[in-house]
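To be precise, the following lines are coords-v9.pdb, and they hold PDB, C-alpha atoms and all ligand atoms.
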ATOM      1  CA  MET M 223      95.872 135.472 157.570
ATOM      2  CA  SER M 224      93.165 137.342 159.430
ATOM      3  CA  SER M 225      89.612 136.492 160.552
ATOM      4  CA  GLU M 226      88.803 139.865 162.215
ATOM      5  CA  ASN M 227      87.999 143.073 160.388
ATOM      6  CA  MET M 228      91.146 145.059 159.687
ATOM      7  CA  THR M 229      92.441 148.571 159.300
ATOM      8  CA  LEU M 230      94.825 148.911 156.385
ATOM      9  CA  ASN M 231      97.207 151.610 155.244
ATOM     10  CA  LEU M 232      97.192 152.002 151.496
ATOM     11  CA  LYS M 233      99.622 153.845 149.276
ATOM     12  CA  ILE M 234      97.842 154.284 145.962
ATOM     13  CA  TRP M 235      99.158 155.783 142.735
ATOM     14  CA  ARG M 236      97.120 158.855 141.807
ATOM     15  CA  GLN M 237      97.564 160.493 138.411
ATOM     16  CA  LYS M 238      95.016 162.752 136.751
ATOM     17  CA  GLY M 239      95.920 161.816 133.176
ATOM     18  CA  LYS M 240      98.506 160.488 130.753
ATOM     19  CA  ASP M 241     100.847 163.464 130.927
ATOM     20  CA  ALA M 242     100.103 164.592 134.479
ATOM     21  CA  GLU M 243     102.568 163.989 137.258
ATOM     22  CA  GLY M 244     101.627 161.041 139.482
ATOM     23  CA  LYS M 245     102.425 160.169 143.070
ATOM     24  CA  LEU M 246     101.622 157.654 145.792
ATOM     25  CA  VAL M 247      98.928 158.971 148.133
ATOM     26  CA  ASP M 248      98.315 157.563 151.648
ATOM     27  CA  TYR M 249      94.852 156.300 152.601
ATOM     28  CA  ARG M 250      93.551 154.500 155.656
ATOM     29  CA  VAL M 251      90.665 152.048 155.255
ATOM     30  CA  GLU M 252      88.870 150.730 158.316
ATOM     31  CA  ASN M 253      86.571 147.779 158.824
ATOM     32  CA  VAL M 254      87.950 145.698 155.986
ATOM     33  CA  SER M 255      86.448 142.216 156.154
ATOM     34  CA  PRO M 256      88.839 139.334 155.422
ATOM     35  CA  ASP M 257      86.109 138.009 153.114
ATOM     36  CA  MET M 258      86.238 141.045 150.840
ATOM     37  CA  SER M 259      88.056 140.825 147.546
ATOM     38  CA  PHE M 260      90.838 143.320 146.860
ATOM     39  CA  LEU M 261      88.539 145.223 144.493
ATOM     40  CA  GLU M 262      85.760 145.341 147.091
ATOM     41  CA  MET M 263      88.253 146.843 149.521
ATOM     42  CA  ILE M 264      88.987 149.583 146.960
ATOM     43  CA  ASP M 265      85.209 150.029 146.477
ATOM     44  CA  VAL M 266      84.941 150.721 150.227
ATOM     45  CA  LEU M 267      87.723 153.282 150.020
ATOM     46  CA  ASN M 268      86.068 154.907 146.999
ATOM     47  CA  GLU M 269      82.761 155.192 148.875
ATOM     48  CA  GLN M 270      84.637 156.975 151.667
ATOM     49  CA  LEU M 271      86.279 159.329 149.153
ATOM     50  CA  VAL M 272      82.980 160.107 147.417
ATOM     51  CA  ARG M 273      81.287 160.826 150.776
ATOM     52  CA  LYS M 274      84.075 163.301 151.526
ATOM     53  CA  GLY M 275      83.623 164.937 148.107
ATOM     54  CA  GLU M 276      86.980 163.639 146.847
ATOM     55  CA  ASP M 277      87.790 162.095 143.487
ATOM     56  CA  PRO M 278      87.440 158.262 143.636
ATOM     57  CA  ILE M 279      90.327 156.091 142.467
ATOM     58  CA  ALA M 280      89.987 155.054 138.824
ATOM     59  CA  PHE M 281      90.676 151.358 138.254
ATOM     60  CA  ASP M 282      89.686 148.824 135.617
ATOM     61  CA  HIS M 283      87.430 145.900 136.468
ATOM     62  CA  ASP M 284      84.547 144.011 134.925
ATOM     63  CA  CYS M 285      83.789 140.330 135.586
ATOM     64  CA  ARG M 286      85.390 140.169 139.053
ATOM     65  CA  GLU M 287      85.794 136.416 138.642
ATOM     66  CA  GLY M 288      89.097 135.964 136.827
ATOM     67  CA  ILE M 289      87.717 135.882 133.291
ATOM     68  CA  CYS M 290      87.918 139.296 131.621
ATOM     69  CA  GLY M 291      91.502 140.354 132.412
ATOM     70  CA  MET M 292      90.535 143.921 133.281
ATOM     71  CA  CYS M 293      91.696 144.158 136.908
ATOM     72  CA  SER M 294      95.254 145.248 136.205
ATOM     73  CA  MET M 295      97.187 146.398 139.293
ATOM     74  CA  MET M 296     100.604 146.017 140.850
ATOM     75  CA  ILE M 297     100.091 145.096 144.504
ATOM     76  CA  ASN M 298     103.219 145.487 146.618
ATOM     77  CA  GLY M 299     105.276 145.528 143.421
ATOM     78  CA  LYS M 300     103.807 142.317 141.972
ATOM     79  CA  ALA M 301     101.301 142.037 139.140
ATOM     80  CA  HIS M 302      97.931 140.876 140.564
ATOM     81  CA  GLY M 303      99.679 140.669 143.955
ATOM     82  CA  GLY M 304     101.950 137.814 142.881
ATOM     83  CA  TYR M 305      99.640 134.985 144.052
ATOM     84  CA  LYS M 306      99.796 131.878 141.872
ATOM     85  CA  ASN M 307      97.154 131.677 139.127
ATOM     86  CA  THR M 308      95.206 134.547 140.689
ATOM     87  CA  THR M 309      93.868 137.773 139.221
ATOM     88  CA  THR M 310      93.509 140.915 141.364
ATOM     89  CA  CYS M 311      89.752 140.377 141.620
ATOM     90  CA  GLN M 312      90.392 136.914 143.074
ATOM     91  CA  VAL M 313      92.784 138.211 145.761
ATOM     92  CA  HIS M 314      91.024 138.168 149.136
ATOM     93  CA  MET M 315      91.777 140.442 152.048
ATOM     94  CA  ARG M 316      92.308 137.422 154.314
ATOM     95  CA  LEU M 317      95.792 137.315 152.789
ATOM     96  CA  TYR M 318      96.637 140.534 154.692
ATOM     97  CA  LYS M 319      96.914 141.422 158.383
ATOM     98  CA  ASP M 320      95.498 144.239 160.446
ATOM     99  CA  GLY M 321      97.794 147.262 160.156
ATOM    100  CA  ASP M 322      99.454 146.136 156.913
ATOM    101  CA  THR M 323     100.654 148.748 154.439
ATOM    102  CA  ILE M 324      99.811 147.869 150.835
ATOM    103  CA  VAL M 325     101.237 149.707 147.821
ATOM    104  CA  VAL M 326      98.935 149.748 144.776
ATOM    105  CA  GLU M 327     100.241 150.948 141.409
ATOM    106  CA  PRO M 328      99.153 150.702 137.766
ATOM    107  CA  TRP M 329     100.811 148.489 135.156
ATOM    108  CA  LYS M 330     103.981 150.331 134.198
ATOM    109  CA  ALA M 331     105.100 149.714 130.629
ATOM    110  CA  ALA M 332     106.033 151.969 127.712
ATOM    111  CA  ALA M 333     103.208 150.519 125.615
ATOM    112  CA  PHE M 334     100.575 151.013 128.365
ATOM    113  CA  PRO M 335     100.095 154.784 128.887
ATOM    114  CA  ILE M 336      98.251 155.708 132.067
ATOM    115  CA  VAL M 337      94.680 156.874 131.506
ATOM    116  CA  LYS M 338      94.024 157.824 135.128
ATOM    117  CA  ASP M 339      95.255 156.533 138.502
ATOM    118  CA  LEU M 340      95.366 152.724 138.180
ATOM    119  CA  ALA M 341      93.723 152.539 134.750
ATOM    120  CA  VAL M 342      96.058 152.106 131.776
ATOM    121  CA  ASP M 343      95.465 151.951 128.040
ATOM    122  CA  ARG M 344      96.007 148.336 126.983
ATOM    123  CA  SER M 345      94.623 148.770 123.480
ATOM    124  CA  GLY M 346      98.070 147.788 122.144
ATOM    125  CA  LEU M 347      97.142 144.181 122.961
ATOM    126  CA  ASP M 348      93.949 144.550 120.908
ATOM    127  CA  LYS M 349      95.989 145.913 117.990
ATOM    128  CA  VAL M 350      98.236 142.838 118.095
ATOM    129  CA  ILE M 351      95.122 140.635 117.862
ATOM    130  CA  ILE M 352      93.664 142.740 115.041
ATOM    131  CA  ALA M 353      96.930 142.173 113.128
ATOM    132  CA  GLY M 354      96.214 138.449 112.868
ATOM    133  CA  GLY M 355      94.965 136.744 116.021
ATOM    134  CA  TYR M 356      91.939 135.184 114.345
ATOM    135  CA  ILE M 357      91.003 132.798 111.548
ATOM    136  CA  SER M 358      89.017 133.678 108.461
ATOM    137  CA  ALA M 359      86.337 131.054 107.919
ATOM    138  CA  SER M 360      83.248 131.036 105.782
ATOM    139  CA  THR M 361      80.181 130.995 107.927
ATOM    140  CA  GLY M 362      77.576 128.340 107.446
ATOM    141  CA  ASN M 363      76.245 125.402 109.358
ATOM    142  CA  ALA M 364      78.332 124.374 112.339
ATOM    143  CA  GLN M 365      80.681 121.573 111.361
ATOM    144  CA  ASP M 366      80.298 118.178 112.986
ATOM    145  CA  ALA M 367      82.537 118.134 116.047
ATOM    146  CA  ASN M 368      84.202 114.911 114.912
ATOM    147  CA  ALA M 369      84.923 116.042 111.343
ATOM    148  CA  ILE M 370      88.461 117.224 112.187
ATOM    149  CA  LEU M 371      90.036 114.887 114.709
ATOM    150  CA  ILE M 372      92.657 116.481 116.949
ATOM    151  CA  PRO M 373      94.813 114.407 119.309
ATOM    152  CA  LYS M 374      93.949 115.072 122.942
ATOM    153  CA  PRO M 375      97.441 116.347 123.990
ATOM    154  CA  ILE M 376      97.378 118.888 121.126
ATOM    155  CA  ALA M 377      93.826 119.989 121.948
ATOM    156  CA  ASP M 378      94.859 120.378 125.599
ATOM    157  CA  GLU M 379      97.868 122.507 124.683
ATOM    158  CA  ALA M 380      95.794 124.735 122.409
ATOM    159  CA  MET M 381      93.231 125.078 125.195
ATOM    160  CA  ASP M 382      95.970 126.021 127.699
ATOM    161  CA  ALA M 383      97.149 128.768 125.333
ATOM    162  CA  ALA M 384      93.566 129.945 124.824
ATOM    163  CA  ALA M 385      93.252 130.507 128.580
ATOM    164  CA  CYS M 386      95.087 133.859 128.194
ATOM    165  CA  ILE M 387      92.715 136.620 129.305
ATOM    166  CA  GLY M 388      94.750 139.512 127.851
ATOM    167  CA  CYS M 389      95.341 141.137 131.230
ATOM    168  CA  GLY M 390      98.825 142.428 130.396
ATOM    169  CA  ALA M 391     100.463 141.262 133.641
ATOM    170  CA  CYS M 392     103.175 139.626 131.520
ATOM    171  CA  VAL M 393     103.997 143.006 129.953
ATOM    172  CA  ALA M 394     103.979 144.830 133.295
ATOM    173  CA  SER M 395     106.276 142.229 134.896
ATOM    174  CA  CYS M 396     108.782 141.991 132.047
ATOM    175  CA  PRO M 397     111.834 144.234 132.419
ATOM    176  CA  ASN M 398     111.578 144.858 128.658
ATOM    177  CA  GLY M 399     107.824 145.508 128.636
ATOM    178  CA  SER M 400     107.416 142.652 126.174
ATOM    179  CA  ALA M 401     104.035 141.210 125.226
ATOM    180  CA  MET M 402     105.566 138.039 123.814
ATOM    181  CA  LEU M 403     103.858 135.717 126.303
ATOM    182  CA  PHE M 404     100.486 137.182 125.364
ATOM    183  CA  MET M 405     101.328 137.023 121.643
ATOM    184  CA  GLY M 406     102.868 133.548 121.986
ATOM    185  CA  ALA M 407      99.630 132.294 123.537
ATOM    186  CA  LYS M 408      97.535 133.851 120.774
ATOM    187  CA  VAL M 409      99.773 132.468 117.991
ATOM    188  CA  SER M 410      99.970 129.026 119.656
ATOM    189  CA  GLN M 411      96.267 128.513 120.145
ATOM    190  CA  LEU M 412      95.848 128.765 116.359
ATOM    191  CA  ALA M 413      99.172 127.276 115.212
ATOM    192  CA  LEU M 414      98.401 124.042 117.069
ATOM    193  CA  LEU M 415      95.117 123.465 115.288
ATOM    194  CA  PRO M 416      94.367 122.674 111.626
ATOM    195  CA  GLN M 417      91.958 125.614 111.434
ATOM    196  CA  GLY M 418      94.865 127.994 112.104
ATOM    197  CA  GLN M 419      97.139 126.706 109.347
ATOM    198  CA  PRO M 420      95.997 128.542 106.169
ATOM    199  CA  GLU M 421      96.929 131.992 107.525
ATOM    200  CA  SER M 422      99.670 130.995 109.956
ATOM    201  CA  ALA M 423     102.634 132.654 108.204
ATOM    202  CA  LYS M 424     100.862 135.943 107.550
ATOM    203  CA  ARG M 425      99.408 135.932 111.062
ATOM    204  CA  THR M 426     102.730 135.491 112.833
ATOM    205  CA  LEU M 427     104.628 138.028 110.734
ATOM    206  CA  ASN M 428     101.932 140.677 111.068
ATOM    207  CA  MET M 429     101.411 140.173 114.786
ATOM    208  CA  VAL M 430     105.133 140.367 115.554
ATOM    209  CA  GLN M 431     105.560 143.442 113.356
ATOM    210  CA  THR M 432     102.625 145.157 115.089
ATOM    211  CA  HIS M 433     103.896 144.174 118.554
ATOM    212  CA  ASP M 434     107.314 145.693 117.838
ATOM    213  CA  SER M 435     105.880 148.865 116.267
ATOM    214  CA  LEU M 436     103.750 149.598 119.360
ATOM    215  CA  GLY M 437     106.706 149.855 121.720
ATOM    216  CA  PHE M 438     106.501 146.421 123.354
ATOM    217  CA  GLY M 439     110.014 145.137 124.036
ATOM    218  CA  ASN M 440     111.712 141.918 123.078
ATOM    219  CA  CYS M 441     111.937 138.732 125.126
ATOM    220  CA  THR M 442     115.302 138.154 126.791
ATOM    221  CA  ASN M 443     114.245 135.057 128.744
ATOM    222  CA  HIS M 444     113.708 136.536 132.212
ATOM    223  CA  ALA M 445     110.524 134.429 132.501
ATOM    224  CA  GLU M 446     108.916 136.970 134.848
ATOM    225  CA  CYS M 447     105.908 136.805 132.518
ATOM    226  CA  GLU M 448     105.333 133.110 133.151
ATOM    227  CA  ALA M 449     105.852 133.551 136.902
ATOM    228  CA  THR M 450     103.240 136.282 137.089
ATOM    229  CA  CYS M 451     100.627 135.085 134.579
ATOM    230  CA  PRO M 452      97.324 134.452 136.373
ATOM    231  CA  LYS M 453      96.416 131.782 133.829
ATOM    232  CA  GLY M 454      99.657 129.800 134.017
ATOM    233  CA  ILE M 455     100.605 130.445 130.382
ATOM    234  CA  SER M 456     103.945 128.741 129.690
ATOM    235  CA  ILE M 457     106.899 130.427 127.980
ATOM    236  CA  GLU M 458     106.912 127.336 125.745
ATOM    237  CA  HIS M 459     104.366 129.305 123.731
ATOM    238  CA  ILE M 460     106.966 132.038 123.101
ATOM    239  CA  ALA M 461     109.325 129.351 121.786
ATOM    240  CA  ARG M 462     106.576 128.054 119.467
ATOM    241  CA  MET M 463     105.860 131.575 118.235
ATOM    242  CA  ASN M 464     109.565 132.097 117.498
ATOM    243  CA  ARG M 465     109.625 128.860 115.481
ATOM    244  CA  GLU M 466     106.481 129.952 113.629
ATOM    245  CA  TYR M 467     108.091 133.323 112.946
ATOM    246  CA  LEU M 468     111.278 131.795 111.532
ATOM    247  CA  LYS M 469     109.280 129.400 109.365
ATOM    248  CA  ALA M 470     107.165 132.285 108.086
ATOM    249  CA  ALA M 471     110.186 134.504 107.425
ATOM    250  CA  PHE M 472     111.632 131.858 105.098
ATOM    251  CA  THR M 473     108.460 130.830 103.339
ATOM    252  CA  TYR M 474     106.364 133.971 103.115
ATOM    253  CA  HIS M 475     107.056 136.776 100.708
ATOM    254  CA  GLU M 476     106.276 140.498 100.921
ATOM    255  CA  LYS M 477     104.273 140.268  97.683
ATOM    256  CA  ASP M 478     101.908 137.732  99.300
ATOM    257  CA  ARG M 479     101.481 140.015 102.283
ATOM    258  CA  SER M 480     100.411 142.983 100.171
ATOM    259  CA  ASP M 481      98.166 140.698  98.078
ATOM    260  CA  GLY M 482      96.529 139.589 101.302
ATOM    261  CA  GLY M 483      97.600 136.004 100.564
ATOM    262  CA  ALA M 484      97.558 133.376 103.269
TER     263      ALA M 484
HETATM  264  S1  LIG H   1      99.784 135.659 128.926
HETATM  265 FE1  LIG H   1      99.011 135.633 131.060
HETATM  266  S2  LIG H   1      99.756 137.563 131.915
HETATM  267 FE2  LIG H   1      99.909 137.771 129.699
HETATM  268  S3  LIG H   1      97.996 138.718 129.021
HETATM  269 FE3  LIG H   1      97.688 136.480 128.896
HETATM  270  S4  LIG H   1      96.788 135.922 130.875
HETATM  271 FE4  LIG H   1      97.657 137.969 131.173
HETATM  272  S1  LIG H   2      87.758 141.838 136.877
HETATM  273 FE1  LIG H   2      87.685 140.328 135.282
HETATM  274  S2  LIG H   2      89.498 139.160 135.607
HETATM  275 FE2  LIG H   2      89.445 140.528 137.293
END

If you took the structure in this file and wrote it as structure tokens, what would it be?
Ligand code: SF4
Ligand code: FES
Amino acid sequence: MSSENMTLNLKIWRQKGKDAEGKLVDYRVENVSPDMSFLEMIDVLNEQLVRKGEDPIAFDHDCREGICGMCSMMINGKAHGGYKNTTTCQVHMRLYKDGDTIVVEPWKAAAFPIVKDLAVDRSGLDKVIIAGGYISASTGNAQDANAILIPKPIADEAMDAAACIGCGACVASCPNGSAMLFMGAKVSQLALLPQGQPESAKRTLNMVQTHDSLGFGNCTNHAECEATCPKGISIEHIARMNREYLKAAFTYHEKDRSDGGA
């Protein structure tokens, strides 16, 4: 831990585009305050690069407060730096020491092609959601909050699953590049609640089929996803999704799927 401004040596993955060759490039950043976030430290480096007329490092970010899931980076080989329940934007430079060397790379997974430098295309996760991660409900007046009573432990579990921010760290950390923790969370948050029941079979079958077709791998119980998830999503949700899938496989028929039946 440091309280003085630091000089850091960075090795950052630079790659001009999806099919270009990439490599780690050395940078030195001076005057890094321990109070800066990791992204602010990269902002400082980018300002230096721009002043020198060089191409700034492309990286994804948005909320910078652990909500949006955009700040995808491997820091020293760990997704989001490997700090418990922490996204990259919540990593502070006080966790490093003057003179440290930090390696920064993009998510590496077959289903996440590199767009540029540290920015990857995570639209595969959106496609999994489009395949069924929602409920169809007629709009109208908001229902009374007490009209459908849900036991507190169930509501809590659904809420825990809903905490997934779609960052993709689980995919990047899994040796199989699987998005099953992400998908398990999205299936669980609906499967646990009455509102998710009418379409549950169709949802699970379609989401799993889409996941597999996009090049995400299968789960072989390494649990790296759970260890690295900044929102503490439990692999219990993968187990629930597998149960939902089996149930759906036995009860749901192809004809219903093409009819759009629930
Ligand atoms: S399950 Fe965790 S690691 Fe995976 S996308 Fe959701 S928040 Fe990110
Ligand atoms: S920038 Fe939104 S979670 Fe990090």

What residues have any atom no more than 9 Å from ligand LIG 2 (chain H) when counting only C-alpha atoms and all ligand atoms, and can you list them as a ChimeraX atom specification? /M:261,282-294,308-312,387,389

Please identify every residue of chain M that has at least one atom no farther than 8 Å from an atom of ligand LIG 1 (chain H), counting all atoms listed in the file, and for each give the shortest atom pair and the distance in Å to one decimal, arranged by chain then increasing number, as CSV.
residue,atom,partner,partner_atom,distance
M:Gly291,CA,H:LIG1,FE4,6.7
M:Ala385,CA,H:LIG1,S4,6.9
M:Cys386,CA,H:LIG1,FE3,3.8
M:Ile387,CA,H:LIG1,S4,4.4
M:Gly388,CA,H:LIG1,S3,3.5
M:Cys389,CA,H:LIG1,FE4,3.9
M:Gly390,CA,H:LIG1,S3,4.0
M:Ala391,CA,H:LIG1,S2,4.1
M:Cys392,CA,H:LIG1,S2,4.0
M:Val393,CA,H:LIG1,FE2,6.6
M:Ala401,CA,H:LIG1,FE2,7.0
M:Leu403,CA,H:LIG1,S1,4.8
M:Phe404,CA,H:LIG1,S1,3.9
M:Met405,CA,H:LIG1,S1,7.6
M:Gly406,CA,H:LIG1,S1,7.9
M:Ala407,CA,H:LIG1,S1,6.4
M:Cys447,CA,H:LIG1,S2,6.2
M:Glu448,CA,H:LIG1,FE1,7.1
M:Thr450,CA,H:LIG1,S2,6.4
M:Cys451,CA,H:LIG1,S2,3.7
M:Pro452,CA,H:LIG1,FE1,5.7
M:Lys453,CA,H:LIG1,S4,5.1
M:Gly454,CA,H:LIG1,FE1,6.6
M:Ile455,CA,H:LIG1,FE1,5.5

Rounded to one decimal place, report the CA of Asp241 (chain M)-CA of Val342 (chain M) distance in Å.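 One can read the CA of Asp241 (chain M) to CA of Val342 (chain M) distance as 12.4 Å.
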
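Put simply, CA of Gly399 (chain M) is 17.3 Å away from CA of His459 (chain M).
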
Translate the PyMOL selection byres (((chain M and resi 320) around 12) and not hetatm) into a concrete residue list for this structure, as a PyMOL selection string. chain M and resi 223-232+250-256+315-319+321-324

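The smallest atom-to-atom distance between Ser395 (chain M) and any of M:Asp339, M:Glu276, M:Glu243, M:Glu446, using all atoms listed in the file, is found for M:Glu446.
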
Long-range neighbours of Ile234 (chain M) as a PyMOL selection string, 7 Å cut-off, all atoms listed in the file, 2 positions minimum in chain: chain M and resi 232+236+246-248+325-327
